[in-house]
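Listing of upload.cif; format and content: mmCIF, C-alpha atoms.
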```cif
data_my_file
#
loop_
_atom_site.label_atom_id
_atom_site.label_comp_id
_atom_site.auth_asym_id
_atom_site.auth_seq_id
_atom_site.Cartn_x
_atom_site.Cartn_y
_atom_site.Cartn_z
CA MET A 2 25.30 -4.05 32.48
CA PRO A 3 22.95 -1.02 32.44
CA GLN A 4 21.11 -2.54 29.47
CA ILE A 5 20.63 -5.87 31.28
CA ASN A 6 19.33 -4.15 34.41
CA LYS A 7 16.95 -2.05 32.34
CA ALA A 8 15.53 -5.12 30.62
CA ARG A 9 14.97 -6.92 33.92
CA THR A 10 13.33 -3.94 35.54
CA HIS A 11 11.04 -3.42 32.54
CA LYS A 12 9.97 -7.04 32.51
CA ASP A 13 9.17 -7.00 36.21
CA VAL A 14 6.98 -3.86 36.13
CA PRO A 15 3.55 -4.77 37.58
CA GLY A 16 0.89 -4.88 34.89
CA HIS A 17 3.44 -5.07 32.06
CA SER A 18 2.42 -8.60 31.10
CA SER A 19 -1.30 -7.77 31.12
CA SER A 20 -0.61 -4.66 29.03
CA LEU A 21 1.21 -6.72 26.41
CA THR A 22 -1.65 -9.23 26.42
CA ARG A 23 -4.17 -6.45 25.74
CA LEU A 24 -1.98 -5.12 22.94
CA ARG A 25 -1.69 -8.60 21.44
CA ILE A 26 -5.48 -9.06 21.50
CA ALA A 27 -6.05 -5.65 19.90
CA LEU A 28 -3.51 -6.29 17.15
CA THR A 29 -5.02 -9.72 16.52
CA VAL A 30 -8.41 -8.07 16.06
CA PHE A 31 -7.01 -5.67 13.46
CA PHE A 32 -5.31 -8.51 11.55
CA ALA A 33 -8.64 -10.36 11.52
CA LEU A 34 -10.53 -7.23 10.45
CA ASP A 35 -8.14 -6.72 7.54
CA GLY A 36 -8.71 -10.26 6.29
CA PHE A 37 -12.48 -9.96 6.82
CA VAL A 38 -12.83 -6.76 4.82
CA PHE A 39 -10.48 -7.87 2.04
CA ALA A 40 -12.27 -11.21 1.60
CA GLY A 41 -15.64 -9.47 1.58
CA TRP A 42 -14.46 -7.37 -1.35
CA VAL A 43 -12.89 -10.19 -3.36
CA VAL A 44 -15.91 -12.51 -3.28
CA ARG A 45 -17.99 -9.78 -4.93
CA ILE A 46 -15.51 -9.20 -7.77
CA PRO A 47 -17.49 -11.35 -10.25
CA ALA A 48 -20.64 -9.27 -9.65
CA ILE A 49 -18.74 -6.00 -9.91
CA LYS A 50 -17.00 -7.24 -13.09
CA ALA A 51 -20.42 -7.85 -14.64
CA GLN A 52 -21.66 -4.48 -13.40
CA THR A 53 -18.79 -2.61 -15.05
CA GLY A 54 -18.80 -4.75 -18.23
CA ALA A 55 -15.01 -5.19 -17.99
CA SER A 56 -13.07 -7.87 -19.85
CA ALA A 57 -10.54 -9.98 -17.96
CA SER A 58 -7.62 -7.76 -18.99
CA THR A 59 -9.54 -4.55 -18.29
CA LEU A 60 -10.52 -5.87 -14.89
CA GLY A 61 -6.86 -6.70 -14.32
CA LEU A 62 -5.93 -3.08 -15.05
CA ALA A 63 -8.63 -1.87 -12.66
CA LEU A 64 -7.31 -4.21 -9.96
CA LEU A 65 -3.91 -2.66 -10.54
CA GLY A 66 -5.38 0.32 -8.68
CA VAL A 67 -5.19 -1.75 -5.49
CA SER A 68 -1.55 -2.55 -6.22
CA ALA A 69 -0.58 1.02 -7.10
CA GLY A 70 -2.29 2.51 -4.05
CA ALA A 71 -0.76 -0.08 -1.76
CA VAL A 72 2.80 0.19 -3.10
CA ILE A 73 2.81 3.99 -2.89
CA THR A 74 1.43 3.88 0.63
CA MET A 75 3.85 1.18 1.77
CA ILE A 76 6.73 3.42 0.78
CA LEU A 77 5.31 6.30 2.83
CA THR A 78 3.84 4.41 5.77
CA GLY A 79 7.22 3.63 7.32
CA ARG A 80 7.86 7.36 7.69
CA LEU A 81 4.38 7.95 9.03
CA CYS A 82 4.86 5.19 11.59
CA ARG A 83 8.15 6.67 12.75
CA ARG A 84 6.57 10.11 13.12
CA TYR A 85 3.14 9.26 14.56
CA GLY A 86 3.61 5.68 15.82
CA ASN A 87 2.52 2.31 14.49
CA HIS A 88 -0.59 2.23 16.66
CA ARG A 89 -2.04 5.54 15.48
CA VAL A 90 -1.37 4.74 11.83
CA THR A 91 -3.02 1.33 12.26
CA VAL A 92 -6.22 2.88 13.61
CA VAL A 93 -6.40 5.59 10.94
CA CYS A 94 -5.82 3.08 8.13
CA ALA A 95 -8.49 0.78 9.58
CA VAL A 96 -11.02 3.62 9.33
CA LEU A 97 -9.98 4.36 5.73
CA LEU A 98 -10.12 0.67 4.81
CA SER A 99 -13.62 0.31 6.24
CA LEU A 100 -14.90 3.39 4.41
CA SER A 101 -13.24 2.67 1.06
CA VAL A 102 -14.54 -0.93 0.75
CA ALA A 103 -18.03 0.51 0.15
CA LEU A 104 -16.93 2.40 -2.99
CA PRO A 105 -16.34 -0.31 -5.69
CA PRO A 106 -20.02 -1.28 -6.16
CA LEU A 107 -20.87 2.39 -6.75
CA THR A 108 -18.83 2.40 -9.97
CA HIS A 109 -20.08 1.52 -13.46
CA SER A 110 -16.88 1.55 -15.51
CA ALA A 111 -13.45 -0.06 -15.25
CA LEU A 112 -11.82 3.39 -15.04
CA ALA A 113 -13.98 4.48 -12.12
CA LEU A 114 -13.39 1.14 -10.42
CA GLY A 115 -9.63 1.52 -10.77
CA LEU A 116 -9.74 5.01 -9.26
CA VAL A 117 -11.66 4.00 -6.14
CA LEU A 118 -9.44 0.94 -5.78
CA LEU A 119 -6.48 3.31 -5.50
CA LEU A 120 -7.94 4.53 -2.21
CA PHE A 121 -8.83 1.03 -1.06
CA GLY A 122 -5.31 -0.17 -1.93
CA ALA A 123 -3.73 2.75 -0.08
CA ALA A 124 -5.64 1.88 3.07
CA TYR A 125 -4.88 -1.82 2.68
CA GLY A 126 -1.16 -1.28 2.14
CA GLY A 127 -0.94 1.22 4.98
CA ILE A 128 -2.61 -0.93 7.60
CA ASN A 129 -0.50 -3.96 6.63
CA VAL A 130 2.77 -2.12 7.10
CA ALA A 131 1.57 -0.45 10.32
CA PHE A 132 0.24 -3.49 12.16
CA ASN A 133 3.06 -5.74 10.99
CA SER A 134 5.52 -3.19 12.38
CA ALA A 135 3.55 -3.08 15.63
CA ALA A 136 3.53 -6.88 15.73
CA VAL A 137 7.31 -7.01 15.27
CA GLU A 138 7.73 -4.74 18.29
CA LEU A 139 5.37 -6.87 20.34
CA VAL A 140 7.08 -10.14 19.36
CA ALA A 141 10.43 -8.65 20.42
CA ALA A 142 8.98 -7.59 23.78
CA LEU A 143 7.28 -10.94 24.41
CA ARG A 144 10.35 -12.93 23.30
CA ARG A 145 7.97 -15.52 21.85
CA PRO A 146 7.49 -16.48 18.17
CA VAL A 147 3.84 -15.42 18.01
CA MET A 148 3.92 -13.82 14.56
CA PRO A 149 2.14 -16.80 12.90
CA SER A 150 -0.82 -16.25 15.23
CA PHE A 151 -1.36 -12.76 13.81
CA HIS A 152 -1.31 -14.09 10.26
CA ALA A 153 -3.67 -16.87 11.35
CA ALA A 154 -6.07 -14.16 12.51
CA PHE A 155 -5.86 -12.55 9.06
CA SER A 156 -6.67 -15.90 7.46
CA LEU A 157 -9.51 -16.53 9.91
CA GLY A 158 -10.93 -13.10 9.15
CA GLY A 159 -10.70 -13.92 5.45
CA MET A 160 -12.52 -17.19 5.97
CA VAL A 161 -15.33 -15.50 7.90
CA GLY A 162 -15.55 -12.69 5.36
CA ALA A 163 -15.71 -15.11 2.45
CA GLY A 164 -18.21 -17.31 4.28
CA LEU A 165 -20.45 -14.32 4.95
CA GLY A 166 -20.13 -13.37 1.29
CA ALA A 167 -21.25 -16.85 0.28
CA LEU A 168 -24.30 -16.58 2.54
CA VAL A 169 -25.43 -13.15 1.36
CA ALA A 170 -24.38 -13.34 -2.31
CA GLY A 171 -27.86 -14.35 -3.43
CA ALA A 172 -29.73 -12.08 -1.02
CA LEU A 173 -27.81 -8.80 -0.89
CA SER A 174 -26.50 -6.65 -3.70
CA PRO A 175 -22.77 -5.87 -3.68
CA THR A 176 -23.63 -2.32 -2.60
CA ARG A 177 -25.51 -3.42 0.52
CA HIS A 178 -23.04 -6.19 1.34
CA LEU A 179 -19.96 -3.95 1.21
CA LEU A 180 -21.76 -1.18 3.08
CA LEU A 181 -22.40 -3.75 5.81
CA LEU A 182 -18.64 -4.41 5.88
CA THR A 183 -18.08 -0.67 6.35
CA VAL A 184 -20.37 -0.63 9.40
CA VAL A 185 -18.71 -3.71 10.89
CA GLY A 186 -15.23 -2.31 10.26
CA LEU A 187 -15.98 1.01 11.91
CA LEU A 188 -17.57 -0.68 14.94
CA VAL A 189 -14.61 -3.04 15.39
CA THR A 190 -12.15 -0.15 15.04
CA ALA A 191 -14.09 1.85 17.63
CA ALA A 192 -13.92 -1.12 20.01
CA ALA A 193 -10.27 -2.16 19.56
CA GLY A 194 -8.67 1.15 18.53
CA PRO A 195 -8.61 2.79 21.99
CA THR A 196 -6.42 -0.03 23.33
CA LEU A 197 -3.76 0.75 20.73
CA LEU A 198 -4.08 4.50 21.24
CA ARG A 199 -3.79 4.26 25.05
CA HIS A 200 -0.70 2.06 25.11
CA GLU A 201 2.73 3.04 23.90
CA PRO A 202 4.53 0.44 21.74
CA PRO A 203 6.63 -1.86 23.97
CA PRO A 204 10.39 -1.33 23.78
CA PRO A 205 12.19 -4.32 22.23
CA GLU A 206 13.99 -6.57 24.69
CA ARG A 207 16.97 -7.67 22.65
CA GLU A 208 20.70 -7.59 23.03
CA LEU A 209 22.57 -4.76 21.32
CA PRO A 210 26.24 -4.54 20.38
CA ALA A 211 28.61 -3.10 22.96
CA GLU A 212 28.58 0.34 21.36
CA GLY A 213 24.81 0.51 21.94
CA SER A 214 23.52 0.42 18.34
CA PRO A 215 22.78 -2.46 15.96
CA ARG A 216 25.26 -3.19 13.21
CA ARG A 217 24.29 -2.29 9.66
CA PRO A 218 23.73 -5.42 7.56
CA ASP A 219 26.47 -6.21 5.06
CA ARG A 220 25.89 -6.91 1.36
CA ARG A 221 25.45 -10.66 1.86
CA THR A 222 22.87 -10.10 4.58
CA ARG A 223 20.95 -7.61 2.45
CA GLY A 224 21.02 -10.11 -0.40
CA LEU A 225 19.58 -12.85 1.83
CA VAL A 226 16.87 -10.48 3.06
CA ILE A 227 15.87 -9.85 -0.56
CA VAL A 228 15.85 -13.60 -1.24
CA PHE A 229 13.51 -14.18 1.69
CA GLY A 230 11.41 -11.30 0.44
CA LEU A 231 11.17 -12.97 -2.96
CA ILE A 232 10.04 -16.20 -1.30
CA ALA A 233 7.38 -14.20 0.50
CA GLY A 234 6.40 -12.56 -2.79
CA CYS A 235 6.13 -15.87 -4.64
CA THR A 236 3.86 -17.32 -1.98
CA ALA A 237 1.76 -14.19 -1.48
CA TYR A 238 1.23 -14.09 -5.25
CA GLY A 239 -0.83 -17.24 -4.80
CA GLU A 240 -2.92 -15.73 -2.03
CA GLY A 241 -3.68 -12.64 -4.10
CA ALA A 242 -4.48 -14.71 -7.19
CA LEU A 243 -6.95 -16.92 -5.35
CA ALA A 244 -8.49 -13.93 -3.63
CA ASP A 245 -9.19 -12.00 -6.82
CA TRP A 246 -9.63 -14.80 -9.39
CA GLY A 247 -10.47 -17.98 -7.47
CA ALA A 248 -14.20 -17.31 -7.23
CA LEU A 249 -14.37 -16.16 -10.87
CA HIS A 250 -12.67 -19.38 -12.03
CA LEU A 251 -15.23 -21.53 -10.21
CA GLU A 252 -18.16 -19.48 -11.49
CA GLN A 253 -16.97 -18.95 -15.06
CA ASP A 254 -15.11 -22.18 -15.90
CA LEU A 255 -16.85 -24.72 -13.66
CA HIS A 256 -20.30 -23.07 -13.78
CA ALA A 257 -20.68 -22.84 -10.00
CA SER A 258 -23.31 -20.60 -8.45
CA ALA A 259 -22.26 -17.29 -6.89
CA GLY A 260 -22.58 -18.77 -3.41
CA ALA A 261 -20.60 -21.92 -4.26
CA ALA A 262 -17.91 -19.83 -5.94
CA ALA A 263 -17.52 -17.71 -2.79
CA VAL A 264 -16.97 -20.92 -0.79
CA GLY A 265 -13.75 -21.48 -2.76
CA TYR A 266 -11.85 -18.66 -1.07
CA SER A 267 -13.38 -19.68 2.25
CA CYS A 268 -11.89 -23.18 1.85
CA PHE A 269 -8.52 -21.68 1.02
CA ALA A 270 -8.66 -19.28 3.99
CA LEU A 271 -9.75 -22.03 6.41
CA ALA A 272 -6.91 -24.30 5.32
CA MET A 273 -4.42 -21.46 5.65
CA THR A 274 -5.74 -20.64 9.13
CA VAL A 275 -5.34 -24.24 10.28
CA GLY A 276 -1.85 -24.37 8.80
CA ARG A 277 -0.77 -21.21 10.59
CA LEU A 278 -2.29 -22.22 13.91
CA THR A 279 -0.17 -25.38 13.77
CA GLY A 280 2.83 -23.61 12.28
CA THR A 281 4.90 -23.46 15.46
CA THR A 282 4.67 -27.24 15.93
CA LEU A 283 5.51 -27.81 12.28
CA LEU A 284 8.58 -25.58 12.50
CA GLU A 285 9.78 -27.35 15.64
CA ARG A 286 9.51 -30.74 13.96
CA LEU A 287 10.71 -29.98 10.43
CA GLY A 288 12.81 -26.85 10.77
CA ARG A 289 12.52 -23.78 8.56
CA THR A 290 14.10 -25.17 5.40
CA ARG A 291 12.01 -28.33 5.25
CA THR A 292 8.89 -26.35 6.13
CA VAL A 293 9.47 -24.06 3.14
CA VAL A 294 10.32 -26.90 0.75
CA THR A 295 7.40 -29.09 1.86
CA GLY A 296 4.97 -26.17 1.87
CA GLY A 297 5.97 -24.92 -1.57
CA THR A 298 5.75 -28.40 -3.08
CA THR A 299 2.35 -29.02 -1.48
CA ALA A 300 1.00 -25.67 -2.68
CA ALA A 301 2.22 -26.33 -6.23
CA ALA A 302 0.42 -29.68 -6.35
CA GLY A 303 -2.73 -28.20 -4.82
CA MET A 304 -2.91 -25.33 -7.26
CA LEU A 305 -2.45 -27.59 -10.26
CA LEU A 306 -5.50 -29.50 -9.02
CA GLY A 307 -7.42 -26.34 -8.20
CA SER A 308 -6.86 -24.71 -11.59
CA LEU A 309 -7.12 -27.74 -13.89
CA ALA A 310 -9.69 -29.99 -12.16
CA PRO A 311 -12.87 -30.53 -14.22
CA SER A 312 -15.24 -30.57 -11.22
CA LEU A 313 -16.13 -28.08 -8.50
CA TRP A 314 -15.37 -30.38 -5.57
CA ALA A 315 -11.93 -31.31 -6.91
CA ALA A 316 -11.14 -27.63 -7.41
CA LEU A 317 -12.25 -26.83 -3.85
CA LEU A 318 -9.96 -29.60 -2.58
CA GLY A 319 -7.12 -28.11 -4.61
CA TYR A 320 -7.76 -24.68 -3.08
CA ALA A 321 -7.62 -26.19 0.42
CA ILE A 322 -4.35 -28.05 -0.29
CA THR A 323 -2.88 -24.83 -1.67
CA GLY A 324 -3.84 -23.00 1.53
CA ILE A 325 -2.16 -25.65 3.70
CA GLY A 326 1.00 -25.45 1.59
CA LEU A 327 1.28 -21.67 1.53
CA ALA A 328 0.26 -21.15 5.16
CA ASN A 329 3.67 -20.78 6.83
CA LEU A 330 5.93 -19.73 3.94
CA PHE A 331 5.25 -16.01 4.34
CA PRO A 332 5.69 -15.96 8.16
CA VAL A 333 8.91 -18.01 7.91
CA ALA A 334 10.35 -15.73 5.24
CA VAL A 335 9.54 -12.58 7.21
CA GLU A 336 10.89 -14.08 10.44
CA ARG A 337 14.18 -15.08 8.82
CA ALA A 338 14.57 -11.64 7.26
CA GLY A 339 13.99 -10.09 10.67
CA ALA A 340 16.52 -12.39 12.32
CA LEU A 341 19.11 -11.32 9.76
CA ALA A 342 18.52 -7.57 9.65
CA GLY A 343 16.03 -6.64 12.37
CA PRO A 344 12.91 -4.57 11.67
CA GLY A 345 14.44 -3.26 8.45
CA GLY A 346 14.64 -6.81 7.15
CA VAL A 347 11.04 -7.45 8.16
CA ALA A 348 9.94 -4.31 6.32
CA THR A 349 11.80 -5.28 3.13
CA ALA A 350 10.48 -8.84 3.09
CA SER A 351 6.94 -7.74 3.93
CA THR A 352 6.91 -5.13 1.17
CA LEU A 353 8.14 -7.65 -1.41
CA GLY A 354 5.62 -10.17 -0.11
CA TYR A 355 2.62 -7.88 -0.27
CA GLY A 356 3.89 -6.64 -3.62
CA GLY A 357 3.52 -10.20 -4.90
CA MET A 358 0.00 -10.41 -3.48
CA LEU A 359 -1.08 -7.14 -5.06
CA LEU A 360 0.73 -7.33 -8.39
CA GLY A 361 -0.19 -10.95 -9.07
CA PRO A 362 -3.93 -10.47 -9.81
CA PRO A 363 -3.39 -8.01 -12.69
CA ALA A 364 -0.85 -10.42 -14.18
CA ILE A 365 -3.41 -13.23 -13.92
CA GLY A 366 -5.89 -11.02 -15.80
CA PHE A 367 -3.55 -10.50 -18.74
CA MET A 368 -2.59 -14.17 -18.89
CA ALA A 369 -6.29 -15.10 -18.77
CA ASP A 370 -6.89 -13.01 -21.90
CA TRP A 371 -3.80 -14.37 -23.64
CA PHE A 372 -4.52 -18.00 -22.75
CA THR A 373 -7.32 -19.07 -20.38
CA LEU A 374 -8.02 -18.37 -16.71
CA PRO A 375 -7.22 -21.97 -15.64
CA ALA A 376 -3.89 -21.76 -17.49
CA ALA A 377 -3.16 -18.40 -15.88
CA LEU A 378 -3.81 -19.82 -12.41
CA THR A 379 -1.16 -22.49 -12.94
CA SER A 380 1.37 -19.66 -12.53
CA VAL A 381 0.60 -19.90 -8.81
CA ALA A 382 1.88 -23.48 -8.85
CA VAL A 383 5.00 -22.43 -10.76
CA LEU A 384 5.90 -19.72 -8.24
CA ALA A 385 5.14 -21.94 -5.24
CA ALA A 386 7.53 -24.53 -6.68
CA ALA A 387 10.09 -21.76 -7.26
CA ALA A 388 9.79 -20.74 -3.59
CA ALA A 389 10.46 -24.36 -2.57
CA VAL A 390 13.55 -24.54 -4.80
CA VAL A 391 14.92 -21.21 -3.52
CA GLY A 392 14.26 -22.25 0.06
CA ALA A 393 16.17 -25.51 -0.49
CA LEU A 394 19.12 -23.67 -2.07
CA VAL A 395 19.29 -21.10 0.76
CA GLY A 396 19.12 -23.89 3.34
CA ALA A 397 21.90 -25.82 1.60
CA ALA A 398 24.06 -22.68 1.40
CA ALA A 399 23.50 -22.01 5.12
CA ARG A 400 24.53 -25.57 6.01
CA ARG A 401 27.70 -25.26 3.93
CA ALA A 402 28.53 -21.94 5.62
CA ASP A 403 28.03 -23.50 9.06
CA GLY A 404 30.21 -26.44 8.08
CA GLY A 405 32.90 -24.07 6.88
#
```
Can I see the file as structure tokens?
Amino acid sequence: MPQINKARTHKDVPGHSSSLTRLRIALTVFFALDGFVFAGWVVRIPAIKAQTGASASTLGLALLGVSAGAVITMILTGRLCRRYGNHRVTVVCAVLLSLSVALPPLTHSALALGLVLLLFGAAYGGINVAFNSAAVELVAALRRPVMPSFHAAFSLGGMVGAGLGALVAGALSPTRHLLLLTVVGLLVTAAAGPTLLRHEPPPPERELPAEGSPRRPDRRTRGLVIVFGLIAGCTAYGEGALADWGALHLEQDLHASAGAAAVGYSCFALAMTVGRLTGTTLLERLGRTRTVVTGGTTAAAGMLLGSLAPSLWAALLGYAITGIGLANLFPVAVERAGALAGPGGVATASTLGYGGMLLGPPAIGFMADWFTLPAALTSVAVLAAAAAVVGALVGAAARRADGG
């Protein structure tokens, strides 16, 4: 009874709703900024590859710096968030992300590039854990499934960042372009950061067990959380692969101009944004299992077209279909993990998911050297299909358990 009264009183506090709205807007801005900065970096990878003289496999090793920095930071960021708060860590990581994106074009060797990408990856991994954790708290307080809207903002930011890259690729050097991203990132952080710093994270409004603390997940629950994390990883692998290698494939294999190649990731990001903005309706009509199965199958078909098509326009269409297919798989996987094990489940699934996004590009680089880049990109289709199969098996197992 005290818990129920507390929840009602909290919800009825004057200004509480407007405070949550301001927090939601600020978090949305940071999700969009993350996508904007990341896309701005990835569309200049072909130019920076030429600048450093790196082979595909050497570039893949350099890109591993992003993965290593992000993974190390993801492990530590949870502790930092518990000590200093998700909001403070989000703002600090946004500043580091904005500053570090200007460093790659200043390098002239694969080794130097890999070292500066360690810092960029650390900032990227840190901000993703911090603002996803803040978003989980806000979703719990709002009692509305708004998580896809945050990921839509990331995709929209990526689309704008890639579109800007396409516009300036022929006019600005990578150094000037990425320095412009630094300025934009710092200005946006200065504008949206104070809202996060002024407001305490909202307390979650959820029922607790009678003893007043959530139950620890059992072995089966932890196993399901890992399965959903693997689904997130399989799908995020595709996003990372298209981010780091999509433009290079169009430029190198289909002989597209630098501007046209940058449009490829923009098409992917736009399709993913549209898919996530309509994700709630899709989930209501199809349910989670069919959304995962349909999305994984669609993404697999789209990526086969995008990687093997002989023309630029067919490849761009394939990228867009892939974006539509992958759009809601990551949010669904993270949401299900959270429903099973709370914020700990969200953290596990998110880490596995972003691990797939960050570890995938180096793997593509090695496969491109062993085979060809188009053949390497078909691995995205394989993993998307695997996510669909796993999703179908988990859904079938859940239905059998309910029937039993």
Distance criterion (all atoms listed in the file): nearest to Val185 in chain A out of A:Leu330, A:Val43, A:Ala95, A:Leu197:
A:Ala95
Counting only C-alpha atoms, give me one row per residue of range 107-210 of chain A with an atom at most 6 Å from an atom of range 270-280 of chain A, showing the shortest contact pair and its distance in Å to one decimal, sorted by chain then residue number, as JSON lines.
```
{"residue": "A:Pro149", "atom": "CA", "partner": "A:Arg277", "partner_atom": "CA", "distance": 5.8}
{"residue": "A:Ala153", "atom": "CA", "partner": "A:Thr274", "partner_atom": "CA", "distance": 4.8}
{"residue": "A:Ser156", "atom": "CA", "partner": "A:Thr274", "partner_atom": "CA", "distance": 5.1}
{"residue": "A:Leu157", "atom": "CA", "partner": "A:Thr274", "partner_atom": "CA", "distance": 5.6}
{"residue": "A:Gly159", "atom": "CA", "partner": "A:Ala270", "partner_atom": "CA", "distance": 5.9}
{"residue": "A:Met160", "atom": "CA", "partner": "A:Ala270", "partner_atom": "CA", "distance": 4.8}
```
For Tyr238 in chain A, which of A:Ala397, A:Leu327, A:Ala136, A:Leu313 is the closest residue, counting only C-alpha atoms?
A:Leu327
Which one is closest to Ser308 in chain A: A:Val44, A:Ala328, A:Leu378, A:Ile365? Count only C-alpha atoms.
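Among the listed residues, A:Leu378 lies closest to Ser308 in chain A.
Excluding Leu384 in chain A itself and any same-chain residue fewer than 3 positions from it, the protein and nucleic acid residues within 6 Å of it, counting only C-alpha atoms, are Cys235, Val381 and Ala387 of chain A.
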I need the residues from that last selection saved to file as a CSV table (one decimal), in the coordinates of the input (with C-alpha atoms), if you can.
```csv
chain,number,residue,atom,x,y,z
A,235,CYS,CA,6.1,-15.9,-4.6
A,381,VAL,CA,0.6,-19.9,-8.8
A,387,ALA,CA,10.1,-21.8,-7.3
```
Selection near Ala27 in chain A, 8 Å with only C-alpha atoms, sequence-local residues under 3 positions removed, as a CSV table (one decimal) with C-alpha atoms, in the coordinates of the input:
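Output file part_21.csv is given in full below:
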```csv
chain,number,residue,atom,x,y,z
A,23,ARG,CA,-4.2,-6.4,25.7
A,24,LEU,CA,-2.0,-5.1,22.9
A,30,VAL,CA,-8.4,-8.1,16.1
A,31,PHE,CA,-7.0,-5.7,13.5
A,193,ALA,CA,-10.3,-2.2,19.6
A,194,GLY,CA,-8.7,1.2,18.5
A,196,THR,CA,-6.4,0.0,23.3
A,197,LEU,CA,-3.8,0.8,20.7
```
Please identify all polymer residues lying at most 6 Å from the point (20.1, -7.2, 7.5) (file coordinates), using only C-alpha atoms, and present the result as number ranges by chain.
A: 218, 222-223, 341-342, 346
Can you pull out every residue within 9 Å of Leu97 in chain A, counting all atoms listed in the file, but drop anything in the same chain fewer than 5 positions away, and send it as a PyMOL selection string?
chain A and resi 92+102+120-121+123-125
Contacts of Gly115 in chain A at 8 Å (all atoms listed in the file; same-chain gap of 3+ positions) as a PyMOL selection string
chain A and resi 62-67+111-112+118-119
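Going from CA of Thr108 in chain A over to CA of Ser58 in chain A, you cover 17.6 Å.
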What separation in Å, quoted to one decimal, exists between CA of Ala40 in chain A and CA of Arg80 in chain A?
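Distance between the two atoms: 28.1 Å.
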Selection result for the PyMOL selection byres ((chain A and resi 254) around 12) on this file, as a list of chain:residue names
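Listing what the PyMOL selection byres ((chain A and resi 254) around 12) selects in the shown file: A:Trp246, A:Gly247, A:Ala248, A:Leu249, A:His250, A:Leu251, A:Glu252, A:Gln253, A:Leu255, A:His256, A:Ala257, A:Ser258, A:Ala262, A:Gly307, A:Ser308, A:Leu309, A:Ala310, A:Pro311, A:Ser312, A:Leu313, A:Ala316, A:Ala369, A:Thr373, A:Leu374, A:Pro375, A:Ala376.
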Complete range 57-67 of chain A at the level of N, CA, C and O atoms, written as a short mmCIF file (atom, residue, chain, number, x, y, z; two decimals), keeping the file's coordinate frame.
```
data_model
loop_
_atom_site.label_atom_id
_atom_site.label_comp_id
_atom_site.auth_asym_id
_atom_site.auth_seq_id
_atom_site.Cartn_x
_atom_site.Cartn_y
_atom_site.Cartn_z
N ALA A 57 -11.50 -9.50 -18.94
CA ALA A 57 -10.54 -9.98 -17.96
C ALA A 57 -9.33 -9.06 -17.86
O ALA A 57 -8.86 -8.72 -16.77
N SER A 58 -8.80 -8.63 -19.02
CA SER A 58 -7.62 -7.76 -18.99
C SER A 58 -7.96 -6.38 -18.46
O SER A 58 -7.16 -5.77 -17.72
N THR A 59 -9.14 -5.86 -18.81
CA THR A 59 -9.54 -4.55 -18.29
C THR A 59 -9.76 -4.60 -16.79
O THR A 59 -9.38 -3.68 -16.06
N LEU A 60 -10.36 -5.70 -16.33
CA LEU A 60 -10.52 -5.87 -14.89
C LEU A 60 -9.15 -5.95 -14.21
O LEU A 60 -8.95 -5.39 -13.13
N GLY A 61 -8.20 -6.64 -14.87
CA GLY A 61 -6.86 -6.70 -14.32
C GLY A 61 -6.24 -5.34 -14.17
O GLY A 61 -5.57 -5.05 -13.17
N LEU A 62 -6.45 -4.45 -15.16
CA LEU A 62 -5.93 -3.08 -15.05
C LEU A 62 -6.61 -2.33 -13.92
O LEU A 62 -5.97 -1.56 -13.19
N ALA A 63 -7.93 -2.53 -13.75
CA ALA A 63 -8.63 -1.87 -12.66
C ALA A 63 -8.09 -2.35 -11.31
O ALA A 63 -7.89 -1.56 -10.39
N LEU A 64 -7.85 -3.67 -11.20
CA LEU A 64 -7.31 -4.21 -9.96
C LEU A 64 -5.90 -3.70 -9.69
O LEU A 64 -5.44 -3.72 -8.54
N LEU A 65 -5.23 -3.25 -10.73
CA LEU A 65 -3.91 -2.66 -10.54
C LEU A 65 -3.99 -1.42 -9.66
O LEU A 65 -3.01 -1.01 -9.06
N GLY A 66 -5.19 -0.81 -9.59
CA GLY A 66 -5.38 0.32 -8.68
C GLY A 66 -5.10 -0.06 -7.24
O GLY A 66 -4.51 0.73 -6.48
N VAL A 67 -5.50 -1.27 -6.84
CA VAL A 67 -5.19 -1.75 -5.49
C VAL A 67 -3.67 -1.82 -5.31
O VAL A 67 -3.12 -1.37 -4.30
#
```
